[in-house]
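Please read the structure below before turning to the comments.
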2 protein chains.
Amino acid sequence: TFSEAKLAEASPKLLFRQLFEKESSTYTYLLADVGHPDKPALLVDPVDSTVERDLKLVKELGLKLTYALNTHCHADHVTGTGLIKGKVPGVKSVISKASTAKADLHVEAGDKIFFGNLFLEVRATPGHTVGCVTYVTGDGPDQPQPRMAFTGDTLLIRGCGRTDFQGGSSQLLYKSVHSQIFTLPKDTFIYPAHDYKGFTVSTVGEETQFNPRLTKDEQTFQGIMENLNLPYPKKMDIAVPANLVCGLQDLVNNV
Amino acid sequence: TFSEAKLAEASPKLLFRQLFEKESSTYTYLLADVGHPDKPALLVDPVDSTVERDLKLVKELGLKLTYALNTHCHADHVTGTGLIKGKVPGVKSVISKASTAKADLHVEAGDKIFFGNLFLEVRATPGHTVGCVTYVTGDGPDQPQPRMAFTGDTLLIRGCGRTDFQGGSSQLLYKSVHSQIFTLPKDTFIYPAHDYKGFTVSTVGEETQFNPRLTKDEQTFQGIMENLNLPYPKKMDIAVPANLVCGLQDLVNNV
Ligand SMILES: [Fe+2]
Ligand SMILES: [Fe+2]
């Protein structure tokens with residue numbers, strides 16, 4: 001019948017791609033609702049050096065890129081959002097309000113970012129930086145199951161982001177992970193912004209059991225984080241200022 | 001009722017993980033039937049240097065590793081099958097009969113490799129080497145949908161394996177891809193043994209449209225393959241002899 005056909009047409013269908021940038025070991029994620037006639041799509045954490053690859057794929061798959069999101073203001077690579085906005089008119093950059101970075105849209109906890117009939121829900125997960133958020137696929141009958149959490153540097157596979165700069169706080173990170181991520185269903189997929197050992201995905205259930213840092217009590221965790229003795233990130237002095245104007249890099253370049 | 005409970009217990013459920021080895025840009029795949037009480041698992045194309053990572057993950061997930069498969073006798077890295085057999089008693093190494101490599105099990109086109117109630121089907125896809133096979137998840141109501149094809153070096157994302165050594169033949173590779181892989185349903189996922197650009201997955205539909213080599217006619221394809229002028233693989237003289245005894249490396253080491 002007509003109404004059934006219309007329903008079938010409107011039924012969302014997730015296309016999902018994980019993409020890797022080798023130099024900074026960054027994962028970029030492409031999500032689209034290919035059940036929608038426009039095939040609206042978004043990218044999470046695009047990297048400047050792989051924008052061409054990502055946009056070629058978007059074009060081949062016939063997607064309409066609408067948003068370029070960042071989980072936070074990165075210190076290890078320059079975001080691709082500025083380049084993308086220059087190359088694909090109409091794309092809106094998205095970052096948290098708390099990041100203090102420029103973007104077309106500033107999001108806060110509880111906001112929903114729709115692409116077609118699918119959406120990402122914003123969870124505030126400060127700790128690695130003050131403005132870190134985790135984007136989680138929607139909860140609902142038509143949304144992907146299991147859910148997927150794009151955790152940025154907040155929760156990594158068997159690890160977590162450092163907390164020693166950019167307003168980092170091990171106390172906040174611990175609270176964020178336990179209250180905002182570990183409370184998701186156990187089968188929720190964890191898709192981080194980085195992996196250095198070749199892992200591509202984990203689950204909430206796995207990290208609550210096997211994360212060597214976040215399974216510890218809060219005090220032990222803080223001790224671990226205070227004694228990491230990590231080097232100053234090579235790209236930080238270039239990346240952070242660029243990423244603070246992340247949706248609008250072109251303005252800086254043209255000054 | 002009892003029979004319903006039994007049915008539910010027997011219903012297969014795929015656990016799937018893609019794992020990356022940076023030096024040779026190799027993908028290893030972990031598949032398990034976590035619907036089965038034993039959680040039987042297999043690894044496709046394990047690499048010697050990442051065996052420890054892979055086995056730790058297998059252990060954490062509570063899986064029972066039963067097979068370690070190779071898609072072919074690799075020239076760019078040493079297979080992990082020998083190490084795995086030494087560390088996990090009972091694991092059987094698997095490779096094609098046509099590879100002439102040693103293994104516990106030699107497979108041929110049409111063979112099925114069961115893990116729990118899931119299985120991989122063997123397709124002969126010679127061309128990169130004479131013994132290359134593609135492992136495809138089963139066709140059936142209880143098997144994963146869309147299907148997944150582990151294509152080794154036969155079909156890469158927007159590319160294919162070289163055909164200039166190890167009994168390689170561009171004519172055979174072209175025929176293999178078109179008759180054995182491009183005939184699968186369009187939504188079948190392509191999981192290759194390597195990617196050098198950060199792609200993690202493609203589909204049959206995508207490659208039939210966008211593969212820059214295999215969308216060409218056979219003659220053009222052969223011309224492309226004859227003019228690649230690729231360097232001799234760095235690890236070939238170590239990797240190939242080791243991989244020819246792939247399930248039984250320990251024998252060589254102990255001589
Ligand atoms: Fe970061
Ligand atoms: Fe190969």
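Labels for the structure tokens follow display order: chains A, B, ..., residues from 1 in each chain, ligands from 1.
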Considering only C-alpha atoms, give me a table of residues in chain B that are at most 7 Å from chain A, with the closest atom pair and distance in Å for each, as a Markdown table.
```
| residue | atom | partner | partner_atom | distance |
| --- | --- | --- | --- | --- |
| B:Gln18 | CA | A:Thr200 | CA | 6.3 |
| B:Leu19 | CA | A:Phe199 | CA | 5.2 |
| B:Phe20 | CA | A:Gly198 | CA | 4.2 |
| B:Glu21 | CA | A:Gly198 | CA | 5.9 |
| B:Gly198 | CA | A:Phe20 | CA | 4.2 |
| B:Phe199 | CA | A:Leu19 | CA | 5.2 |
| B:Thr200 | CA | A:Gln18 | CA | 6.3 |
```
Could you please extract the residues within 10 Å of ligand 1, counting only C-alpha atoms and all ligand atoms, and hand them back as a list in words?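 Using only C-alpha atoms and all ligand atoms, I find these residues within 10 Å of ligand 1: Thr26, Thr71, His72, Cys73, His74, Ala75, Asp76, His77, His128, Thr129, Cys132, Gly152, Asp153, Thr154, Cys160, Gly161, Arg162, Thr163, Phe165, Gln166, Ala193, His194, Pro233, Met236 and Val240 of chain A.
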Residues near B:Lys56, anyone? I mean within 12 Å using only C-alpha atoms, not counting same-chain ones fewer than 4 positions away, as a list in words.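 Result of the neighbour search: Arg158 and Phe210 of chain A; Thr50, Val51, Glu52, Glu60, Leu61, Gly62, Leu63, Lys64, Leu65, Ile84, Lys87 and Val88 of chain B.
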Check the DSSP output for the backbone and give back, as number ranges by chain, the residues of stretch 61-212 of chain A in strand (DSSP E or B). A: 64-69, 79, 92-96, 105-107, 112-115, 118-124, 133-137, 148-152, 156, 159, 189-192, 194, 199, 202-203
Counting only C-alpha atoms and all ligand atoms, figure out which residue out of B:Gln180, B:Ala68, B:Leu155, B:Phe115 gets nearest to ligand 2.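 Among the listed residues, the smallest separation from ligand 2 belongs to B:Leu155.
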In Å to one decimal, how far is atom CA of A:Thr137 from atom CA of B:Leu15?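 Computing it gives 20.0 Å between the two atoms.
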